[in-house]
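Colleague: Contents are mmCIF, C-alpha atoms; file name target-v4.cif:
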data_data
#
loop_
_atom_site.label_atom_id
_atom_site.label_comp_id
_atom_site.auth_asym_id
_atom_site.auth_seq_id
_atom_site.Cartn_x
_atom_site.Cartn_y
_atom_site.Cartn_z
CA MET X 186 -23.30 -20.05 -32.08
CA GLY X 187 -25.66 -17.56 -30.46
CA LYS X 188 -24.90 -15.17 -27.66
CA ALA X 189 -26.32 -12.09 -25.96
CA VAL X 190 -24.32 -8.89 -26.20
CA ASP X 191 -24.48 -5.41 -24.74
CA ILE X 192 -27.77 -5.50 -22.80
CA GLU X 193 -28.42 -2.08 -21.26
CA VAL X 194 -31.05 -3.10 -18.68
CA ASP X 195 -32.65 -6.32 -17.50
CA ALA X 196 -35.78 -6.83 -19.54
CA ASP X 197 -38.03 -7.12 -16.51
CA GLU X 198 -37.08 -3.57 -15.52
CA VAL X 199 -38.98 -2.30 -18.56
CA GLY X 200 -41.87 -4.75 -18.47
CA MET X 201 -40.52 -7.53 -20.68
CA ASP X 202 -39.97 -11.18 -19.77
CA PRO X 203 -36.36 -12.35 -20.38
CA SER X 204 -37.38 -15.98 -20.73
CA ARG X 205 -39.87 -15.04 -23.42
CA LEU X 206 -37.30 -12.89 -25.22
CA ALA X 207 -35.03 -15.94 -25.23
CA ARG X 208 -37.56 -17.57 -27.55
CA ILE X 209 -36.35 -15.21 -30.29
CA ASP X 210 -32.98 -16.92 -30.47
CA GLN X 211 -34.47 -20.39 -30.07
CA ARG X 212 -36.89 -19.85 -32.93
CA LEU X 213 -34.66 -17.99 -35.37
CA ALA X 214 -31.73 -20.37 -34.80
CA ARG X 215 -33.62 -22.93 -36.88
CA TYR X 216 -33.09 -20.87 -40.01
CA VAL X 217 -29.33 -21.21 -39.59
CA ASP X 218 -29.30 -24.77 -38.30
CA ASP X 219 -31.13 -26.08 -41.37
CA GLY X 220 -29.08 -23.95 -43.77
CA ARG X 221 -31.72 -21.46 -44.90
CA LEU X 222 -29.71 -18.51 -43.50
CA ALA X 223 -26.00 -18.13 -42.95
CA GLY X 224 -26.44 -16.04 -39.79
CA TRP X 225 -28.35 -13.17 -38.23
CA GLN X 226 -28.38 -10.40 -35.62
CA VAL X 227 -31.32 -9.12 -33.56
CA ILE X 228 -31.74 -6.04 -31.36
CA VAL X 229 -34.82 -5.28 -29.24
CA SER X 230 -35.28 -2.25 -27.00
CA ARG X 231 -38.00 -0.82 -24.83
CA ARG X 232 -38.28 2.71 -23.47
CA GLY X 233 -34.95 3.53 -25.09
CA LYS X 234 -33.05 0.71 -23.36
CA ARG X 235 -31.66 -2.34 -25.13
CA VAL X 236 -33.15 -5.50 -23.58
CA HIS X 237 -32.19 -8.18 -26.09
CA SER X 238 -29.23 -8.28 -28.44
CA SER X 239 -27.98 -11.48 -29.98
CA VAL X 240 -26.05 -12.91 -32.91
CA TYR X 241 -26.18 -16.38 -34.41
CA GLY X 242 -24.45 -18.21 -37.21
CA LEU X 243 -21.96 -16.98 -39.76
CA ARG X 244 -21.54 -13.75 -41.64
CA ASP X 245 -19.58 -15.72 -44.24
CA LYS X 246 -20.32 -19.44 -44.47
CA GLU X 247 -17.55 -20.20 -46.91
CA ALA X 248 -14.87 -18.55 -44.75
CA GLY X 249 -16.39 -19.81 -41.47
CA LEU X 250 -16.56 -16.28 -40.03
CA PRO X 251 -19.18 -15.71 -37.28
CA VAL X 252 -21.64 -12.85 -37.06
CA GLY X 253 -20.25 -10.23 -34.67
CA GLN X 254 -21.44 -7.05 -33.03
CA ASP X 255 -19.62 -5.07 -35.71
CA THR X 256 -20.77 -7.06 -38.76
CA LEU X 257 -21.57 -4.83 -41.73
CA TRP X 258 -24.90 -5.49 -43.46
CA ARG X 259 -26.27 -4.28 -46.80
CA ILE X 260 -29.43 -2.58 -45.55
CA TYR X 261 -30.76 -1.75 -49.03
CA SER X 262 -34.22 -0.16 -48.64
CA MET X 263 -33.67 0.64 -44.97
CA THR X 264 -31.82 3.55 -46.60
CA LYS X 265 -35.23 4.98 -47.56
CA PRO X 266 -36.23 6.17 -44.07
CA VAL X 267 -32.82 7.86 -43.67
CA THR X 268 -33.28 9.75 -46.94
CA SER X 269 -36.87 10.61 -45.99
CA VAL X 270 -35.79 12.03 -42.62
CA ALA X 271 -33.13 14.17 -44.33
CA ALA X 272 -35.70 15.41 -46.84
CA MET X 273 -38.15 16.32 -44.09
CA GLN X 274 -35.43 18.32 -42.37
CA LEU X 275 -35.37 20.44 -45.51
CA PHE X 276 -39.16 20.62 -45.33
CA GLU X 277 -38.89 21.98 -41.78
CA GLU X 278 -36.46 24.60 -43.07
CA GLY X 279 -39.03 25.74 -45.65
CA ALA X 280 -37.03 24.51 -48.65
CA PHE X 281 -40.10 22.88 -50.20
CA SER X 282 -43.75 22.13 -49.51
CA LEU X 283 -45.26 18.67 -49.81
CA ASN X 284 -47.52 19.84 -52.65
CA ASP X 285 -44.63 21.24 -54.68
CA GLU X 286 -44.26 19.74 -58.15
CA VAL X 287 -41.08 17.67 -58.43
CA GLY X 288 -40.54 19.23 -61.86
CA ARG X 289 -39.86 22.51 -60.10
CA TYR X 290 -36.57 21.02 -58.85
CA LEU X 291 -35.97 18.34 -61.50
CA PRO X 292 -37.28 19.75 -64.81
CA GLU X 293 -37.07 16.35 -66.52
CA PHE X 294 -40.10 15.28 -64.45
CA ALA X 295 -42.24 18.26 -65.48
CA ASP X 296 -44.19 16.68 -68.34
CA MET X 297 -44.78 13.03 -67.54
CA ARG X 298 -46.88 10.55 -69.47
CA VAL X 299 -48.95 7.65 -68.14
CA PHE X 300 -48.91 4.10 -69.56
CA ARG X 301 -52.22 3.04 -71.09
CA GLY X 302 -51.36 -0.21 -72.90
CA GLY X 303 -49.19 -1.72 -75.57
CA THR X 304 -45.77 -3.35 -75.21
CA ALA X 305 -42.42 -2.26 -73.86
CA GLU X 306 -41.28 -1.68 -77.44
CA ALA X 307 -44.47 0.17 -78.47
CA PRO X 308 -46.17 1.60 -75.38
CA LYS X 309 -49.37 3.60 -75.58
CA THR X 310 -49.25 6.64 -73.31
CA VAL X 311 -51.23 9.78 -72.49
CA PRO X 312 -50.13 13.03 -70.86
CA ALA X 313 -50.40 12.94 -67.06
CA THR X 314 -53.13 15.23 -65.78
CA GLU X 315 -51.53 15.48 -62.33
CA PRO X 316 -47.84 16.30 -61.74
CA ILE X 317 -45.62 14.26 -59.44
CA ARG X 318 -45.53 16.12 -56.14
CA MET X 319 -43.10 15.85 -53.26
CA TRP X 320 -45.51 13.88 -51.09
CA HIS X 321 -45.92 11.39 -53.92
CA LEU X 322 -42.19 10.61 -53.78
CA LEU X 323 -42.22 10.18 -50.00
CA SER X 324 -45.29 7.92 -50.06
CA HIS X 325 -44.63 5.89 -53.26
CA CYS X 326 -47.76 7.33 -54.86
CA SER X 327 -45.81 8.82 -57.79
CA GLY X 328 -46.51 6.23 -60.48
CA LEU X 329 -42.80 5.39 -60.76
CA THR X 330 -41.75 1.73 -60.47
CA TYR X 331 -38.78 -0.65 -60.10
CA GLY X 332 -37.37 -2.70 -62.97
CA PHE X 333 -36.76 -5.74 -60.79
CA THR X 334 -40.37 -6.15 -59.62
CA ARG X 335 -41.35 -7.70 -62.96
CA SER X 336 -45.05 -6.95 -62.54
CA SER X 337 -45.80 -4.60 -65.45
CA VAL X 338 -44.82 -3.54 -68.94
CA VAL X 339 -43.30 -0.37 -67.48
CA ASP X 340 -41.02 -2.51 -65.28
CA GLU X 341 -39.82 -4.16 -68.48
CA MET X 342 -39.12 -0.74 -70.00
CA TYR X 343 -36.99 0.12 -66.96
CA ARG X 344 -35.00 -3.09 -67.36
CA ASN X 345 -34.53 -2.50 -71.08
CA ALA X 346 -33.04 0.88 -70.18
CA GLY X 347 -30.57 -0.76 -67.76
CA SER X 348 -32.50 -0.04 -64.56
CA ASP X 349 -32.70 -3.36 -62.71
CA PHE X 350 -31.65 -4.47 -59.22
CA ASN X 351 -28.11 -3.61 -60.25
CA GLN X 352 -28.17 -0.27 -62.04
CA LYS X 353 -26.14 0.23 -65.19
CA ALA X 354 -22.50 0.66 -64.15
CA GLY X 355 -21.08 4.15 -64.09
CA VAL X 356 -24.38 6.04 -64.29
CA PRO X 357 -24.64 8.83 -61.66
CA LEU X 358 -27.91 9.68 -59.92
CA ALA X 359 -28.70 12.77 -61.98
CA GLU X 360 -28.31 10.85 -65.25
CA GLN X 361 -30.36 7.91 -63.96
CA CYS X 362 -33.19 10.24 -62.91
CA ALA X 363 -33.33 11.52 -66.48
CA VAL X 364 -33.72 7.91 -67.67
CA TRP X 365 -36.60 7.28 -65.23
CA ALA X 366 -38.27 10.55 -66.23
CA SER X 367 -38.26 9.39 -69.86
CA MET X 368 -40.39 6.35 -68.93
CA PRO X 369 -44.19 6.45 -68.60
CA LEU X 370 -45.82 6.31 -65.18
CA LEU X 371 -47.89 3.32 -64.08
CA PHE X 372 -50.77 5.58 -62.99
CA GLU X 373 -51.73 9.18 -62.41
CA PRO X 374 -49.68 10.50 -59.47
CA GLY X 375 -51.55 10.46 -56.18
CA THR X 376 -54.15 7.88 -57.24
CA SER X 377 -52.49 4.60 -56.25
CA TRP X 378 -49.38 3.07 -54.64
CA ASN X 379 -46.41 1.31 -56.18
CA TYR X 380 -43.05 0.53 -54.61
CA SER X 381 -40.49 2.31 -56.71
CA VAL X 382 -37.39 4.39 -57.35
CA ALA X 383 -39.29 7.36 -55.86
CA THR X 384 -36.90 7.63 -52.90
CA ASP X 385 -33.93 7.68 -55.28
CA VAL X 386 -35.58 10.60 -57.08
CA LEU X 387 -36.17 12.18 -53.65
CA GLY X 388 -32.44 11.83 -53.01
CA ARG X 389 -31.74 13.74 -56.21
CA VAL X 390 -34.11 16.52 -55.10
CA LEU X 391 -32.22 16.59 -51.81
CA GLU X 392 -28.96 17.06 -53.75
CA VAL X 393 -30.43 20.00 -55.65
CA LEU X 394 -31.95 21.70 -52.60
CA ASP X 395 -28.94 21.08 -50.36
CA SER X 396 -26.41 21.95 -53.10
CA LYS X 397 -24.25 18.92 -52.31
CA PRO X 398 -23.96 15.24 -53.30
CA LEU X 399 -26.33 12.87 -51.54
CA ASP X 400 -23.59 11.16 -49.53
CA ARG X 401 -22.58 14.49 -48.00
CA ALA X 402 -26.18 15.56 -47.48
CA LEU X 403 -27.09 12.40 -45.56
CA SER X 404 -23.86 12.52 -43.60
CA ASP X 405 -24.30 16.15 -42.61
CA ARG X 406 -28.00 15.86 -41.77
CA VAL X 407 -28.36 12.38 -40.24
CA LEU X 408 -25.32 10.13 -39.97
CA THR X 409 -22.83 12.50 -38.34
CA PRO X 410 -25.27 14.10 -35.85
CA LEU X 411 -26.33 10.61 -34.71
CA GLY X 412 -22.78 9.27 -34.50
CA MET X 413 -23.49 6.60 -37.13
CA THR X 414 -19.80 6.25 -37.91
CA ASP X 415 -20.06 2.74 -39.36
CA THR X 416 -22.74 3.57 -41.94
CA ARG X 417 -21.37 4.04 -45.45
CA TRP X 418 -22.00 3.59 -49.18
CA TRP X 419 -19.30 1.01 -49.81
CA VAL X 420 -16.77 -1.06 -47.88
CA ASP X 421 -13.04 -0.54 -48.26
CA GLU X 422 -10.37 -3.22 -47.86
CA ALA X 423 -9.87 -2.49 -44.16
CA ASP X 424 -13.48 -3.43 -43.33
CA ALA X 425 -14.10 -6.08 -45.98
CA GLY X 426 -13.50 -8.89 -43.50
CA ARG X 427 -16.41 -7.93 -41.26
CA THR X 428 -18.91 -7.57 -44.11
CA ALA X 429 -21.53 -10.30 -44.37
CA ALA X 430 -21.71 -12.26 -47.60
CA LEU X 431 -24.90 -12.07 -49.65
CA TYR X 432 -27.02 -15.18 -50.29
CA VAL X 433 -30.08 -16.39 -52.21
CA PRO X 434 -32.07 -19.59 -51.60
CA THR X 435 -31.01 -22.60 -53.66
CA PRO X 436 -33.95 -23.68 -55.87
CA GLY X 437 -35.50 -26.83 -54.52
CA THR X 438 -33.62 -27.06 -51.21
CA GLY X 439 -33.81 -23.49 -49.91
CA GLU X 440 -30.23 -23.67 -48.66
CA ALA X 441 -28.46 -20.29 -48.62
CA LEU X 442 -26.36 -19.99 -51.76
CA ARG X 443 -23.69 -17.30 -51.97
CA TRP X 444 -24.40 -14.65 -54.63
CA ASP X 445 -21.23 -12.70 -55.23
CA PRO X 446 -22.27 -11.17 -58.59
CA VAL X 447 -24.50 -8.80 -56.60
CA GLY X 448 -22.82 -9.05 -53.19
CA ALA X 449 -19.47 -7.86 -54.55
CA GLY X 450 -21.04 -4.49 -55.33
CA ALA X 451 -20.61 -3.56 -51.67
CA PHE X 452 -16.85 -3.37 -52.18
CA ARG X 453 -16.88 -0.81 -55.01
CA GLU X 454 -17.46 2.92 -54.69
CA PRO X 455 -20.81 3.46 -56.42
CA ALA X 456 -21.31 5.91 -59.25
CA LEU X 457 -24.99 6.14 -58.35
CA LEU X 458 -25.74 7.23 -54.79
CA SER X 459 -29.03 5.45 -54.16
CA GLY X 460 -31.18 7.19 -51.56
CA GLY X 461 -33.54 4.25 -51.92
CA GLY X 462 -31.12 1.41 -51.30
CA GLY X 463 -27.43 2.30 -51.16
CA LEU X 464 -26.34 2.20 -47.52
CA ILE X 465 -24.35 -0.40 -45.61
CA SER X 466 -24.52 -0.29 -41.83
CA THR X 467 -24.13 -2.15 -38.55
CA ALA X 468 -26.99 -3.16 -36.27
CA TYR X 469 -25.76 -0.82 -33.55
CA ASP X 470 -25.41 2.13 -35.93
CA TYR X 471 -28.92 1.72 -37.27
CA ASP X 472 -30.19 1.23 -33.74
CA ARG X 473 -29.21 4.84 -33.10
CA PHE X 474 -31.46 5.87 -35.99
CA THR X 475 -34.39 3.83 -34.64
CA GLN X 476 -33.88 5.38 -31.18
CA LEU X 477 -34.06 8.81 -32.80
CA LEU X 478 -37.43 7.85 -34.27
CA LEU X 479 -38.67 6.41 -30.99
CA GLY X 480 -37.45 9.62 -29.32
CA ARG X 481 -39.78 11.69 -31.53
CA GLY X 482 -36.93 13.14 -33.56
CA GLU X 483 -34.33 13.57 -30.81
CA LEU X 484 -31.44 11.42 -29.56
CA GLU X 485 -29.00 12.38 -26.82
CA GLY X 486 -29.67 16.08 -27.26
CA GLN X 487 -29.51 16.02 -31.05
CA ARG X 488 -32.89 16.99 -32.51
CA LEU X 489 -33.20 16.24 -36.21
CA LEU X 490 -36.99 16.59 -36.57
CA SER X 491 -39.77 18.08 -34.53
CA PRO X 492 -42.13 15.63 -32.80
CA ARG X 493 -45.01 16.99 -34.84
CA THR X 494 -43.23 16.41 -38.16
CA LEU X 495 -42.34 12.84 -37.25
CA ALA X 496 -45.89 12.15 -36.07
CA TYR X 497 -47.14 13.50 -39.41
CA MET X 498 -44.72 11.29 -41.35
CA THR X 499 -46.00 8.19 -39.57
CA ARG X 500 -49.69 8.71 -40.38
CA ASN X 501 -51.30 6.92 -43.33
CA HIS X 502 -50.93 9.20 -46.37
CA LEU X 503 -52.41 6.85 -48.96
CA PRO X 504 -55.15 8.37 -51.15
CA GLY X 505 -58.51 8.35 -49.40
CA GLY X 506 -56.97 6.84 -46.28
CA LYS X 507 -56.98 3.45 -47.98
CA LEU X 508 -54.69 0.52 -47.16
CA LEU X 509 -52.09 -1.14 -49.36
CA THR X 510 -54.43 -4.05 -50.02
CA ALA X 511 -56.76 -1.64 -51.83
CA LEU X 512 -54.13 0.27 -53.81
CA ALA X 513 -51.08 -1.87 -54.52
CA PRO X 514 -51.16 -3.75 -57.85
CA ALA X 515 -51.63 -7.51 -57.64
CA GLY X 516 -48.32 -9.28 -57.16
CA GLN X 517 -46.59 -6.05 -56.17
CA PHE X 518 -43.35 -6.51 -54.22
CA SER X 519 -42.40 -4.37 -51.24
CA GLU X 520 -40.73 -4.64 -47.87
CA THR X 521 -43.88 -5.19 -45.82
CA ALA X 522 -47.01 -7.29 -45.59
CA TYR X 523 -50.10 -5.48 -46.89
CA ASP X 524 -52.99 -6.54 -44.63
CA GLY X 525 -53.97 -3.70 -42.30
CA VAL X 526 -51.04 -1.57 -43.46
CA GLY X 527 -50.95 1.93 -44.92
CA PHE X 528 -47.99 4.10 -45.88
CA GLY X 529 -46.71 7.41 -44.55
CA LEU X 530 -43.84 9.61 -45.62
CA GLY X 531 -40.95 7.15 -45.68
CA PHE X 532 -42.42 4.31 -43.60
CA SER X 533 -45.15 1.70 -43.70
CA VAL X 534 -47.77 2.43 -41.03
CA LEU X 535 -49.88 -0.18 -39.25
CA VAL X 536 -53.50 0.93 -39.23
CA ASP X 537 -55.35 -2.28 -38.31
CA PRO X 538 -53.48 -4.84 -36.14
CA VAL X 539 -56.41 -7.26 -36.35
CA ALA X 540 -56.10 -7.45 -40.13
CA TYR X 541 -52.31 -7.72 -39.75
CA LYS X 542 -52.78 -10.78 -37.51
CA VAL X 543 -50.09 -9.78 -35.01
CA PRO X 544 -50.79 -8.21 -31.57
CA ALA X 545 -48.99 -5.01 -32.50
CA SER X 546 -50.15 -1.44 -31.93
CA ALA X 547 -51.95 0.83 -34.35
CA GLY X 548 -49.40 3.46 -35.30
CA GLU X 549 -46.43 1.10 -35.44
CA PHE X 550 -44.18 2.16 -38.32
CA ALA X 551 -41.53 0.16 -40.10
CA TRP X 552 -39.55 -0.76 -43.16
CA GLY X 553 -37.03 -3.33 -44.36
CA GLY X 554 -34.42 -4.14 -46.95
CA ALA X 555 -34.23 -6.47 -49.93
CA ALA X 556 -31.75 -8.80 -48.18
CA SER X 557 -34.30 -9.60 -45.43
CA THR X 558 -33.26 -6.91 -42.96
CA ALA X 559 -36.10 -5.14 -41.15
CA PHE X 560 -36.97 -2.78 -38.31
CA TRP X 561 -40.09 -1.48 -36.63
CA ILE X 562 -40.98 1.10 -34.00
CA ASP X 563 -44.03 0.94 -31.74
CA PRO X 564 -44.59 4.35 -30.13
CA VAL X 565 -47.42 2.99 -27.96
CA GLU X 566 -45.39 0.22 -26.32
CA GLN X 567 -42.11 2.16 -26.70
CA VAL X 568 -40.55 -0.81 -28.46
CA THR X 569 -38.03 -0.95 -31.28
CA ALA X 570 -36.80 -4.12 -32.93
CA ALA X 571 -34.48 -4.85 -35.83
CA PHE X 572 -33.33 -7.97 -37.63
CA TYR X 573 -30.28 -8.38 -39.88
CA THR X 574 -29.28 -11.12 -42.28
CA GLN X 575 -28.29 -11.20 -45.97
CA LEU X 576 -30.75 -13.23 -47.99
CA LEU X 577 -32.38 -12.05 -51.22
CA PRO X 578 -35.30 -11.63 -51.70
CA SER X 579 -36.87 -10.36 -48.49
CA SER X 580 -40.09 -12.24 -49.22
CA THR X 581 -38.38 -15.65 -48.95
CA TYR X 582 -39.37 -16.32 -45.32
CA ALA X 583 -41.90 -14.76 -42.92
CA ILE X 584 -39.20 -13.85 -40.41
CA ARG X 585 -40.52 -10.32 -39.86
CA THR X 586 -43.92 -11.61 -38.80
CA GLU X 587 -42.39 -14.29 -36.57
CA LEU X 588 -40.16 -11.74 -34.87
CA ARG X 589 -43.13 -9.50 -34.14
CA GLN X 590 -45.01 -12.41 -32.57
CA LEU X 591 -42.01 -13.23 -30.38
CA VAL X 592 -41.34 -9.66 -29.30
CA TYR X 593 -44.93 -8.67 -28.54
CA SER X 594 -45.53 -11.85 -26.55
CA SER X 595 -42.56 -10.84 -24.37
CA ILE X 596 -44.29 -7.64 -23.15
CA VAL X 597 -45.82 -8.43 -19.75
CA ASP X 598 -46.80 -5.08 -18.24
#
Translate this file's structure into structure tokens.

Modeller:
Amino acid sequence: MGKAVDIEVDADEVGMDPSRLARIDQRLARYVDDGRLAGWQVIVSRRGKRVHSSVYGLRDKEAGLPVGQDTLWRIYSMTKPVTSVAAMQLFEEGAFSLNDEVGRYLPEFADMRVFRGGTAEAPKTVPATEPIRMWHLLSHCSGLTYGFTRSSVVDEMYRNAGSDFNQKAGVPLAEQCAVWASMPLLFEPGTSWNYSVATDVLGRVLEVLDSKPLDRALSDRVLTPLGMTDTRWWVDEADAGRTAALYVPTPGTGEALRWDPVGAGAFREPALLSGGGGLISTAYDYDRFTQLLLGRGELEGQRLLSPRTLAYMTRNHLPGGKLLTALAPAGQFSETAYDGVGFGLGFSVLVDPVAYKVPASAGEFAWGGAASTAFWIDPVEQVTAAFYTQLLPSSTYAIRTELRQLVYSSIVD
């Protein structure tokens, strides 16, 4: 079922061993062969050249349709870096400063309160002493949360207000932001880290500053300049057949079980444009975005960010220079492992590879999506890698760690 496609250079030309790269397919094939995944796609590049590109298994088990080069994947939170890059373009234009209060652009966030105890029905709160600032949104240090993480009373309040993995139908972004602003924060902004709707709120700020809906803002600033013509917010009838089905693990057996109640959302135009999780893309489209990042903000003559801005985004911005292990609440869900990892402006940032237990490079930056998609960029080794499948939740299997082991062990120069 697996095959290599569209290799730009022989791996040994850029210091990678083709026989070692072949281990990627051999190892990851097991997830399909034993039924844990329906299918997957992998792309690895070095020095801007694609050295390994393969597909395996089925994009739709029930229909018997194989994964192809043009398969459409729900990338969920891999939308966040795209939104963050667009926002930082506005930063470069002087539209805002990182210390600006979010309430300056979204007044509903001007007078927030912080949760101090009680229940979802009767919470005890106090006025926040620190406002949510723009850098808090970009770094998930805002005190906002996600309803679906189910790790706090505030999460429960979000769910009670209709903010779960699937947002309440028909609610546009501006209206949803007002709902989030009415909820208490988990902590004082800038004092801790919590994975959250912060990037969705950032998308709303982008709408206000750019004076256009988020879909147009991201298209004008990122997708169109990069030629990401297959990246979209929903899939119409013409492309429905190449869209991967969405799966969850069957309790007890782990076999991939189709989950259309959520997966079918990809085929409806959304009322809420989610800058934190709304995009659908192909592996090759998103590869253009990762090559932009590897290229220090430029791809094929299109410069979207300055090298200095991108370097700043991929430093650890967590309070006191701490790591996620020190700041993230116990049991907190996100799209990365925590050991040795900090967070920048839109990306996780690897600070300590020894703690991470993978021979990666300090300064590697990354993110992933809820359906087990993931990418990372290593500026030191000039490597990018991305993995695509459709299995919720992303924490089901340690595929991201395995892929790193396989890729880094293939570097031989």

Colleague: For the PyMOL selection byres ((chain X and resi 248-262) around 6), applied here, can you spell out every residue it catches as a list in words?

Modeller: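 Selection result, ordered by chain and number: Gly242, Leu243, Arg244, Asp245, Lys246, Glu247, Met263, Thr264, Lys265, Arg427, Thr428, Ala429, Gly461, Gly462, Gly463, Ile465, Ser466, Thr467, Gly554 and Ala555 of chain X.
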
Colleague: Closest to Pro369 of chain X among X:Met297, X:Ala559, X:Val217, X:Ala423, using only C-alpha atoms?

Modeller: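 The shortest atom-to-atom distance to Pro369 of chain X comes from X:Met297.
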
Colleague: Could you check the closest approach to Ser238 of chain X for each of X:Leu464, X:Ala196, X:Leu222, X:Val382 and tell me which residue wins, using all atoms listed in the file?

Modeller: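 Of X:Leu464, X:Ala196, X:Leu222, X:Val382, the one nearest Ser238 of chain X, counting all atoms listed in the file, is X:Ala196.
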
Colleague: Neighbouring residues of segment 354-362 of chain X were defined as those with any atom within 8 Å, considering all atoms listed in the file; residues of the same chain fewer than 2 positions away were excluded. Please report them as a ChimeraX atom specification.

Modeller: /X:352,364-366,385-386,389,455-459

Colleague: Can you measure atom CA of Glu293 of chain X to atom CA of Ala363 of chain X for me? One decimal in Å is fine.

Modeller: 6.1 Å

Colleague: Which residues fall under the PyMOL selection byres ((chain X and resi 226-231) around 9) in this file, as a PDB file with C-alpha atoms, in the coordinates of the input?

Modeller:
ATOM      1  CA  GLU X 193     -28.420  -2.080 -21.260  1.00  0.00           C
ATOM      2  CA  ALA X 196     -35.780  -6.830 -19.540  1.00  0.00           C
ATOM      3  CA  VAL X 199     -38.980  -2.300 -18.560  1.00  0.00           C
ATOM      4  CA  GLY X 200     -41.870  -4.750 -18.470  1.00  0.00           C
ATOM      5  CA  MET X 201     -40.520  -7.530 -20.680  1.00  0.00           C
ATOM      6  CA  LEU X 206     -37.300 -12.890 -25.220  1.00  0.00           C
ATOM      7  CA  ILE X 209     -36.350 -15.210 -30.290  1.00  0.00           C
ATOM      8  CA  ASP X 210     -32.980 -16.920 -30.470  1.00  0.00           C
ATOM      9  CA  GLY X 224     -26.440 -16.040 -39.790  1.00  0.00           C
ATOM     10  CA  TRP X 225     -28.350 -13.170 -38.230  1.00  0.00           C
ATOM     11  CA  ARG X 232     -38.280   2.710 -23.470  1.00  0.00           C
ATOM     12  CA  GLY X 233     -34.950   3.530 -25.090  1.00  0.00           C
ATOM     13  CA  LYS X 234     -33.050   0.710 -23.360  1.00  0.00           C
ATOM     14  CA  ARG X 235     -31.660  -2.340 -25.130  1.00  0.00           C
ATOM     15  CA  VAL X 236     -33.150  -5.500 -23.580  1.00  0.00           C
ATOM     16  CA  HIS X 237     -32.190  -8.180 -26.090  1.00  0.00           C
ATOM     17  CA  SER X 238     -29.230  -8.280 -28.440  1.00  0.00           C
ATOM     18  CA  SER X 239     -27.980 -11.480 -29.980  1.00  0.00           C
ATOM     19  CA  VAL X 240     -26.050 -12.910 -32.910  1.00  0.00           C
ATOM     20  CA  TYR X 241     -26.180 -16.380 -34.410  1.00  0.00           C
ATOM     21  CA  GLY X 242     -24.450 -18.210 -37.210  1.00  0.00           C
ATOM     22  CA  VAL X 252     -21.640 -12.850 -37.060  1.00  0.00           C
ATOM     23  CA  GLY X 253     -20.250 -10.230 -34.670  1.00  0.00           C
ATOM     24  CA  GLN X 254     -21.440  -7.050 -33.030  1.00  0.00           C
ATOM     25  CA  THR X 256     -20.770  -7.060 -38.760  1.00  0.00           C
ATOM     26  CA  ALA X 468     -26.990  -3.160 -36.270  1.00  0.00           C
ATOM     27  CA  TYR X 469     -25.760  -0.820 -33.550  1.00  0.00           C
ATOM     28  CA  ASP X 472     -30.190   1.230 -33.740  1.00  0.00           C
ATOM     29  CA  GLN X 476     -33.880   5.380 -31.180  1.00  0.00           C
ATOM     30  CA  GLU X 566     -45.390   0.220 -26.320  1.00  0.00           C
ATOM     31  CA  GLN X 567     -42.110   2.160 -26.700  1.00  0.00           C
ATOM     32  CA  VAL X 568     -40.550  -0.810 -28.460  1.00  0.00           C
ATOM     33  CA  THR X 569     -38.030  -0.950 -31.280  1.00  0.00           C
ATOM     34  CA  ALA X 570     -36.800  -4.120 -32.930  1.00  0.00           C
ATOM     35  CA  ALA X 571     -34.480  -4.850 -35.830  1.00  0.00           C
ATOM     36  CA  PHE X 572     -33.330  -7.970 -37.630  1.00  0.00           C
ATOM     37  CA  TYR X 573     -30.280  -8.380 -39.880  1.00  0.00           C
ATOM     38  CA  THR X 574     -29.280 -11.120 -42.280  1.00  0.00           C
ATOM     39  CA  VAL X 592     -41.340  -9.660 -29.300  1.00  0.00           C
TER      40      VAL X 592
END

Colleague: Just how far from atom CA of Asn501 of chain X is atom CA of Glu315 of chain X, in Å to one decimal?

Modeller: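 Atom CA of Glu315 of chain X sits 20.8 Å away from atom CA of Asn501 of chain X.
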
Colleague: Please reconstruct the missing atoms of segment 347-353 of chain X (target: N, CA and C atoms) and return them as an mmCIF file, keeping the file's coordinate frame.

Modeller:
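Just written: result_38.cif:
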data_model
loop_
_atom_site.group_PDB
_atom_site.id
_atom_site.type_symbol
_atom_site.label_atom_id
_atom_site.label_comp_id
_atom_site.auth_asym_id
_atom_site.auth_seq_id
_atom_site.Cartn_x
_atom_site.Cartn_y
_atom_site.Cartn_z
ATOM 1 N N GLY X 347 -31.692 -0.496 -68.659
ATOM 2 C CA GLY X 347 -30.570 -0.760 -67.760
ATOM 3 C C GLY X 347 -30.863 -0.518 -66.302
ATOM 4 N N SER X 348 -32.138 -0.308 -65.955
ATOM 5 C CA SER X 348 -32.500 -0.040 -64.560
ATOM 6 C C SER X 348 -33.118 -1.296 -63.961
ATOM 7 N N ASP X 349 -32.275 -2.111 -63.336
ATOM 8 C CA ASP X 349 -32.700 -3.360 -62.710
ATOM 9 C C ASP X 349 -32.233 -3.323 -61.257
ATOM 10 N N PHE X 350 -32.141 -4.469 -60.599
ATOM 11 C CA PHE X 350 -31.650 -4.470 -59.220
ATOM 12 C C PHE X 350 -30.259 -3.883 -59.143
ATOM 13 N N ASN X 351 -29.408 -4.265 -60.086
ATOM 14 C CA ASN X 351 -28.110 -3.610 -60.250
ATOM 15 C C ASN X 351 -28.245 -2.575 -61.362
ATOM 16 N N GLN X 352 -28.058 -1.309 -61.026
ATOM 17 C CA GLN X 352 -28.170 -0.270 -62.040
ATOM 18 C C GLN X 352 -27.002 -0.362 -63.017
ATOM 19 N N LYS X 353 -27.196 0.216 -64.188
ATOM 20 C CA LYS X 353 -26.140 0.230 -65.190
ATOM 21 C C LYS X 353 -24.869 0.871 -64.604
#
